[in-house]
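Structure below is structure.cif: mmCIF, C-alpha atoms.
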data_target
#
loop_
_atom_site.label_atom_id
_atom_site.label_comp_id
_atom_site.auth_asym_id
_atom_site.auth_seq_id
_atom_site.Cartn_x
_atom_site.Cartn_y
_atom_site.Cartn_z
CA MET A 1 87.81 5.21 26.79
CA CYS A 2 84.26 5.51 27.65
CA LYS A 3 82.00 3.19 25.78
CA LYS A 4 79.01 4.75 24.13
CA THR A 5 75.88 2.64 24.26
CA ARG A 6 73.49 2.92 21.40
CA GLN A 7 70.20 4.37 22.58
CA PRO A 8 67.03 3.59 20.72
CA ARG A 9 65.47 6.59 19.01
CA TYR A 10 62.04 6.04 20.58
CA SER A 11 61.40 4.59 23.93
CA GLY A 12 57.70 3.78 23.42
CA PHE A 13 56.20 0.41 22.70
CA PHE A 14 55.63 1.26 19.04
CA SER A 15 58.08 3.14 16.95
CA LEU A 16 57.07 6.33 15.17
CA ASP A 17 57.16 4.54 11.82
CA ALA A 18 54.78 1.87 13.05
CA ALA A 19 52.46 4.51 14.48
CA ILE A 20 52.35 6.34 11.16
CA ALA A 21 51.73 3.06 9.33
CA LEU A 22 48.89 2.27 11.72
CA LEU A 23 47.47 5.75 11.26
CA ILE A 24 47.56 5.33 7.48
CA ALA A 25 45.86 1.94 7.77
CA VAL A 26 43.10 3.37 9.98
CA PHE A 27 42.66 6.32 7.64
CA ALA A 28 42.43 3.97 4.65
CA TYR A 29 39.92 1.81 6.47
CA VAL A 30 37.76 4.79 7.45
CA SER A 31 37.91 6.09 3.88
CA LEU A 32 36.95 2.69 2.51
CA SER A 33 34.04 2.34 4.92
CA LEU A 34 32.79 5.84 4.05
CA ILE A 35 33.02 5.12 0.33
CA LEU A 36 31.21 1.80 0.71
CA SER A 37 28.42 3.22 2.89
CA SER A 38 28.03 6.15 0.52
CA ALA A 39 27.84 3.82 -2.49
CA ALA A 40 25.30 1.61 -0.70
CA ALA A 41 23.19 4.65 0.19
CA SER A 42 23.40 5.89 -3.38
CA SER A 43 22.37 2.50 -4.72
CA SER A 44 19.46 2.29 -2.29
CA SER A 45 18.37 5.82 -3.16
CA GLY A 46 18.51 5.03 -6.87
CA ALA A 47 16.43 1.91 -6.40
CA HIS A 48 13.89 3.85 -4.33
CA SER A 49 13.74 6.51 -7.04
CA VAL A 50 13.14 3.97 -9.83
CA SER A 51 10.55 2.13 -7.76
CA SER A 52 8.71 5.35 -6.87
CA ARG A 53 8.70 6.63 -10.44
CA LEU A 54 7.34 3.35 -11.74
CA LEU A 55 4.81 3.27 -8.92
CA SER A 56 3.54 6.74 -9.81
CA LEU A 57 3.32 5.64 -13.45
CA ARG A 58 1.32 2.55 -12.47
CA LEU A 59 -0.87 4.61 -10.18
CA SER A 60 -1.58 7.08 -12.97
CA SER A 61 -2.58 4.16 -15.23
CA LEU A 62 -4.87 2.84 -12.51
CA ILE A 63 -6.51 6.24 -12.08
CA MET A 64 -6.91 6.68 -15.84
CA ASP A 65 -8.52 3.25 -15.87
CA GLU A 66 -10.73 3.66 -12.81
CA ALA A 67 -11.80 7.22 -13.57
CA GLY A 68 -12.19 6.67 -17.28
CA ALA A 69 -15.42 7.98 -18.71
CA GLU A 70 -17.89 5.56 -20.19
CA SER A 71 -19.80 6.83 -23.17
CA GLY A 72 -22.68 5.33 -25.00
CA GLY A 73 -22.31 2.75 -27.68
CA PHE A 74 -23.70 -0.42 -29.04
CA GLY A 75 -24.93 -2.87 -26.48
CA GLU A 76 -25.46 -2.39 -22.79
CA GLY A 77 -21.93 -2.03 -21.57
CA GLY A 78 -20.90 0.96 -23.60
CA TYR A 79 -17.27 1.74 -24.19
CA ALA A 80 -14.63 3.95 -22.70
CA LYS A 81 -12.68 6.45 -24.72
CA ILE A 82 -8.95 6.24 -24.28
CA GLY A 83 -7.82 8.97 -21.93
CA GLU A 84 -11.29 10.41 -21.37
CA LEU A 85 -11.83 11.07 -17.68
CA ASP A 86 -15.07 11.35 -15.78
CA ALA A 87 -14.88 14.08 -13.13
CA GLN A 88 -17.41 12.35 -10.88
CA ARG A 89 -15.60 9.04 -11.01
CA LEU A 90 -12.32 10.84 -10.39
CA SER A 91 -13.78 12.54 -7.31
CA ALA A 92 -15.19 9.26 -6.06
CA LEU A 93 -11.82 7.52 -6.11
CA ASP A 94 -10.72 6.39 -2.66
CA LEU A 95 -7.13 7.56 -2.80
CA GLY A 96 -6.59 6.69 0.86
CA ALA A 97 -7.40 3.03 0.27
CA ILE A 98 -5.10 2.96 -2.75
CA LEU A 99 -2.34 4.61 -0.75
CA SER A 100 -2.67 2.15 2.10
CA SER A 101 -2.23 -0.74 -0.32
CA THR A 102 1.03 0.71 -1.56
CA GLY A 103 2.58 1.22 1.84
CA ARG A 104 3.67 4.75 0.92
CA ASN A 105 3.19 7.92 2.94
CA PHE A 106 1.63 10.30 0.49
CA ALA A 107 -0.23 10.34 -2.81
CA SER A 108 -1.94 13.12 -4.70
CA VAL A 109 -3.92 13.45 -7.90
CA SER A 110 -4.25 16.73 -9.76
CA LEU A 111 -6.04 17.55 -12.97
CA PHE A 112 -5.12 20.65 -14.92
CA SER A 113 -6.94 22.21 -17.81
CA SER A 114 -6.08 25.29 -19.81
CA GLU A 115 -7.67 27.35 -17.03
CA GLY A 116 -5.49 25.89 -14.30
CA ARG A 117 -5.99 23.23 -11.69
CA ILE A 118 -9.54 21.96 -11.69
CA PHE A 119 -9.22 18.96 -9.42
CA PHE A 120 -6.98 18.03 -6.53
CA SER A 121 -7.08 15.15 -4.12
CA GLN A 122 -4.50 13.89 -1.69
CA ALA A 123 -4.10 11.18 0.88
CA GLY A 124 -1.59 10.78 3.67
CA GLN A 125 0.89 13.22 5.05
CA LEU A 126 3.91 14.41 3.15
CA PRO A 127 6.93 14.07 5.42
CA VAL A 128 9.14 17.13 5.71
CA GLY A 129 11.93 16.99 3.17
CA ALA A 130 10.59 13.88 1.51
CA GLU A 131 11.12 13.43 -2.19
CA VAL A 132 7.99 13.43 -4.33
CA PHE A 133 7.80 11.48 -7.58
CA CYS A 134 5.23 12.58 -10.12
CA THR A 135 3.92 11.32 -13.43
CA LYS A 136 2.20 13.68 -15.82
CA ARG A 137 -0.11 12.33 -18.48
CA LEU A 138 -2.35 13.81 -21.10
CA ALA A 139 -6.06 13.13 -20.68
CA LEU A 140 -9.40 14.33 -21.91
CA LEU A 141 -12.12 15.91 -19.81
CA SER A 142 -15.40 16.61 -21.58
CA GLY A 143 -13.55 16.56 -24.85
CA GLU A 144 -11.01 19.15 -23.69
CA MET A 145 -7.33 18.44 -23.29
CA ALA A 146 -6.27 18.07 -19.67
CA ARG A 147 -3.17 17.04 -17.76
CA LEU A 148 -3.31 14.42 -15.05
CA GLU A 149 -0.58 14.61 -12.47
CA VAL A 150 -0.10 11.79 -10.00
CA CYS A 151 2.47 12.06 -7.24
CA VAL A 152 3.67 9.61 -4.61
CA SER A 153 6.17 9.82 -1.84
CA MET B 1 72.21 -11.17 26.28
CA ALA B 2 69.38 -9.69 28.34
CA PHE B 3 69.14 -6.75 25.94
CA ARG B 4 68.79 -9.10 22.93
CA ALA B 5 66.12 -11.14 24.69
CA GLN B 6 64.21 -7.97 25.57
CA SER B 7 64.48 -6.75 21.97
CA SER B 8 63.22 -10.00 20.52
CA LEU B 9 60.34 -10.03 23.04
CA GLU B 10 59.38 -6.50 22.08
CA ALA B 11 59.57 -7.40 18.40
CA LEU B 12 57.39 -10.45 19.01
CA ILE B 13 54.79 -8.42 20.91
CA SER B 14 54.85 -5.72 18.23
CA PHE B 15 54.41 -8.32 15.53
CA ALA B 16 51.49 -9.89 17.41
CA ALA B 17 49.88 -6.47 17.85
CA LEU B 18 50.34 -5.74 14.17
CA LEU B 19 48.81 -9.09 13.24
CA SER B 20 45.86 -8.42 15.56
CA ALA B 21 45.30 -4.99 14.05
CA LEU B 22 45.46 -6.49 10.57
CA ALA B 23 43.02 -9.23 11.52
CA ILE B 24 40.58 -6.67 12.93
CA LEU B 25 40.90 -4.59 9.77
CA VAL B 26 40.37 -7.58 7.49
CA PHE B 27 37.38 -8.80 9.53
CA SER B 28 35.79 -5.34 9.57
CA THR B 29 36.41 -4.89 5.84
CA GLN B 30 34.78 -8.24 5.15
CA ARG B 31 31.73 -7.20 7.14
CA LEU B 32 31.62 -3.88 5.35
CA SER B 33 31.87 -5.48 1.93
CA THR B 34 29.19 -8.02 2.85
CA HIS B 35 26.88 -5.24 3.98
CA PHE B 36 27.63 -3.33 0.79
CA GLU B 37 27.00 -6.37 -1.38
CA GLU B 38 23.68 -7.06 0.36
CA SER B 39 22.61 -3.46 -0.05
CA VAL B 40 23.44 -3.43 -3.76
CA GLN B 41 21.71 -6.77 -4.31
CA ALA B 42 18.60 -5.51 -2.50
CA SER B 43 18.62 -2.38 -4.66
CA SER B 44 18.99 -4.46 -7.80
CA ALA B 45 16.16 -6.76 -6.72
CA ARG B 46 13.95 -3.77 -5.97
CA ILE B 47 14.54 -2.22 -9.39
CA SER B 48 13.95 -5.55 -11.13
CA LEU B 49 10.78 -6.16 -9.13
CA SER B 50 9.34 -2.71 -9.80
CA ARG B 51 9.89 -3.23 -13.54
CA GLN B 52 8.21 -6.61 -13.34
CA ALA B 53 5.31 -5.04 -11.45
CA LEU B 54 4.96 -2.56 -14.31
CA LEU B 55 4.90 -5.49 -16.74
CA VAL B 56 2.23 -7.26 -14.71
CA GLU B 57 0.09 -4.11 -14.48
CA SER B 58 0.48 -3.54 -18.22
CA ALA B 59 -0.62 -7.11 -18.86
CA ALA B 60 -3.60 -6.52 -16.58
CA ALA B 61 -4.54 -3.33 -18.39
CA THR B 62 -4.22 -4.74 -21.89
CA GLY B 63 -5.56 -8.18 -21.07
CA LEU B 64 -2.71 -9.85 -22.89
CA PRO B 65 -1.62 -13.27 -21.64
CA LEU B 66 1.64 -13.34 -19.81
CA ASN B 67 3.75 -16.39 -19.14
CA ILE B 68 5.57 -15.75 -15.93
CA GLN B 69 8.26 -18.33 -16.61
CA GLU B 70 9.21 -16.65 -19.86
CA ASN B 71 8.64 -13.00 -19.05
CA LEU B 72 9.29 -12.69 -15.37
CA SER B 73 12.11 -14.01 -13.29
CA GLY B 74 12.99 -13.72 -9.67
CA ILE B 75 9.43 -13.37 -8.42
CA SER B 76 8.75 -15.78 -5.63
CA PHE B 77 5.06 -15.24 -4.99
CA PHE B 78 2.06 -13.04 -5.43
CA GLU B 79 0.10 -12.45 -2.30
CA ARG B 80 -2.26 -9.85 -0.87
CA GLY B 81 -1.74 -7.35 -3.62
CA LYS B 82 2.02 -7.47 -3.80
CA ILE B 83 4.83 -9.37 -5.42
CA SER B 84 7.97 -10.36 -3.63
CA SER B 85 11.44 -11.14 -4.81
CA ALA B 86 12.57 -14.76 -4.80
CA ALA B 87 16.07 -13.85 -3.71
CA ARG B 88 15.00 -11.39 -1.05
CA SER B 89 11.66 -11.85 0.58
CA SER B 90 11.96 -8.47 2.29
CA VAL B 91 11.85 -6.72 -1.09
CA SER B 92 8.31 -6.38 -2.39
CA GLU B 93 6.29 -4.14 -4.64
CA PRO B 94 2.58 -3.34 -4.36
CA LEU B 95 0.25 -4.46 -7.13
CA PHE B 96 -2.98 -2.66 -7.91
CA HIS B 97 -4.35 -5.71 -9.64
CA GLY B 98 -4.60 -9.11 -8.05
CA ALA B 99 -2.37 -11.66 -9.71
CA SER B 100 -1.64 -15.34 -9.35
CA THR B 101 0.14 -18.07 -11.25
CA ASP B 102 -1.15 -21.49 -12.18
CA SER B 103 0.74 -24.75 -12.30
CA GLU B 104 1.86 -24.09 -15.88
CA GLY B 105 3.44 -20.80 -14.90
CA LYS B 106 0.82 -18.64 -16.58
CA LEU B 107 -0.08 -15.43 -14.93
CA HIS B 108 -3.69 -14.57 -14.14
CA VAL B 109 -4.53 -10.99 -13.39
CA GLN B 110 -7.78 -9.72 -12.05
CA LYS B 111 -9.01 -6.24 -11.29
CA ASN B 112 -10.51 -7.14 -7.98
CA PRO B 113 -8.23 -9.47 -6.00
CA ALA B 114 -11.18 -10.78 -3.99
CA THR B 115 -12.89 -12.09 -7.10
CA PRO B 116 -11.52 -15.32 -8.58
CA VAL B 117 -10.46 -15.31 -12.19
#
What would you get if you wrote out this structure as structure tokens?
Amino acid sequence: MCKKTRQPRYSGFFSLDAAIALLIAVFAYVSLSLILSSAAASSSSGAHSVSSRLLSLRLSSLIMDEAGAESGGFGEGGYAKIGELDAQRLSALDLGAILSSTGRNFASVSLFSSEGRIFFSQAGQLPVGAEVFCTKRLALLSGEMARLEVCVS
Amino acid sequence: MAFRAQSSLEALISFAALLSALAILVFSTQRLSTHFEESVQASSARISLSRQALLVESAAATGLPLNIQENLSGISFFERGKISSAARSSVSEPLFHGASTDSEGKLHVQKNPATPV
């Protein structure tokens, strides 16, 4: 009678089952890391979006305030109408200085009337593919309705 | 006897390798989750800070008094035209109006930061 010795199915250091288990573990780890990095990027992008939108809103308020027209009135100081813009004061705004204080790359101010765009100013360079966040507000220019559009990136 | 010893040695080495792989996975996952947590916290701080900056600018525009201890939280300091988060100093938001707090926690806002209130 010849004695049959039991041969192991796999002669490698790891068995096939262990290799598959390791492969599944690595796959799960890679999937987890991709999901986490994607969620972190999404969260960061959302925060950047909220911050930029609020910054453009604040910048539009600043421009409405700085370029607001001053009319006559009682006393020496006069008063400013709410939303009334002065074209000269708007043109004199140093958008570059404002942009440098924000640490952003690009800012633009546009003013539209019923006839189209009547004023445009920009500072900085808009990077290729960069997202632009704009705030549109109603304003008055010489008693006429106008739309102020402030964008940052 | 020799075959059993070899088998148990292989099993031991396999078990050690498996434990090492598990340890590496756990360590890497911990680092990943820490990085993720930091990123989410920074995003949350940024959103909170930008909303607080809007509140400060609104207070500056309307001239209404603002008590920073009651209305704002998580701001560590105002300096050079920006506010920074208390939890994360790297997170900051620009301010168009100069602002400072006094010892009572009241916020002072000025249009020109160079001019004292």
Next on the checklist: Between CA of Ser43 (chain B) and CA of Ser52 (chain A), what distance in Å does the model show, to one decimal?
Outcome noted: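 Interatomic distance, CA of Ser43 (chain B) to CA of Ser52 (chain A): 12.8 Å.
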Checklist entry - For Ile24 (chain B), which of A:Ala69, A:Ser56, A:Gly83, A:Tyr29 is the closest residue, counting all atoms listed in the file? => result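 Answer, going by the shortest atom-to-atom distance: A:Tyr29.
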Next on the checklist: Nearest residue to Phe119 (chain A) out of A:Ala41, A:Val150, A:Leu62, A:Ala25, using all atoms listed in the file?
Outcome noted: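 That would be A:Val150, the residue with the smallest distance to Phe119 (chain A).
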Checklist entry - Expressed in Å to a single decimal, how great is the separation between CA of Phe120 (chain A) and CA of Ser58 (chain B)? => result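 Calculated distance between CA of Phe120 (chain A) and CA of Ser58 (chain B) is 25.6 Å.
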Next on the checklist: Using all atoms listed in the file, which protein or nucleic acid residues come within 9 Å of Leu54 (chain B)? Drop anything in the same chain fewer than 2 positions from it, and give the result as a PyMOL selection string.
Outcome noted: (chain A and resi 54-55+57-58) or (chain B and resi 49-52+56-59+95)
Sort by chain and increasing residue number a table of all residues of chain A within 9 Å of chain B, each with its closest pair of atoms and their distance in Å to one decimal, counting only C-alpha atoms, and write it as a tab-separated table.
residue	atom	partner	partner_atom	distance
A:Phe13	CA	B:Glu10	CA	7.6
A:Phe14	CA	B:Ser14	CA	7.1
A:Ala18	CA	B:Leu18	CA	8.9
A:Leu22	CA	B:Ala21	CA	8.4
A:Ala25	CA	B:Leu25	CA	8.4
A:Val26	CA	B:Leu25	CA	8.3
A:Tyr29	CA	B:Leu25	CA	7.3
A:Leu32	CA	B:Thr29	CA	8.3
A:Ser33	CA	B:Leu32	CA	6.7
A:Leu36	CA	B:Phe36	CA	6.3
A:Ser37	CA	B:Phe36	CA	6.9
A:Ala39	CA	B:Phe36	CA	7.9
A:Ala40	CA	B:Phe36	CA	5.7
A:Ala41	CA	B:Ser39	CA	8.1
A:Ser43	CA	B:Val40	CA	6.1
A:Ser44	CA	B:Ser43	CA	5.3
A:Ser45	CA	B:Ser43	CA	8.3
A:Gly46	CA	B:Ser43	CA	7.7
A:Ala47	CA	B:Ser43	CA	5.1
A:His48	CA	B:Arg46	CA	7.8
A:Val50	CA	B:Ile47	CA	6.4
A:Ser51	CA	B:Ser50	CA	5.4
A:Ser52	CA	B:Ser50	CA	8.6
A:Leu54	CA	B:Ser50	CA	6.7
A:Leu55	CA	B:Ser50	CA	7.6
A:Leu57	CA	B:Leu54	CA	8.4
A:Arg58	CA	B:Leu54	CA	6.5
A:Leu59	CA	B:Phe96	CA	7.9
A:Ser61	CA	B:Ala61	CA	8.4
A:Leu62	CA	B:Phe96	CA	7.4
A:Asp65	CA	B:Ala61	CA	8.1
A:Ile98	CA	B:Phe96	CA	7.9
A:Ser101	CA	B:Pro94	CA	6.8
A:Thr102	CA	B:Pro94	CA	5.2
A:Gly103	CA	B:Pro94	CA	7.7
Next on the checklist: One number please: CA of Leu85 (chain A) to CA of Ser142 (chain A), in Å, one decimal.
Outcome noted: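 Between these atoms lies a distance of 7.7 Å.
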Checklist entry - Using all atoms listed in the file, which residue out of A:Leu90, A:Ser110, A:Glu84, A:Ser49 lies closest to Cys151 (chain A)? => result A:Ser110
Checklist entry - With all atoms listed in the file as the basis for distance, which of A:Ser121, A:Pro127, A:Ile24, A:Glu70 is at the shortest distance from Leu141 (chain A)? => result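 That would be A:Glu70, the residue with the smallest distance to Leu141 (chain A).
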Checklist entry - Contacts of Gln122 (chain A) at 10 Å or less, counting only C-alpha atoms, minus same-chain residues fewer than 4 places along, as a count of residues only? => result 13
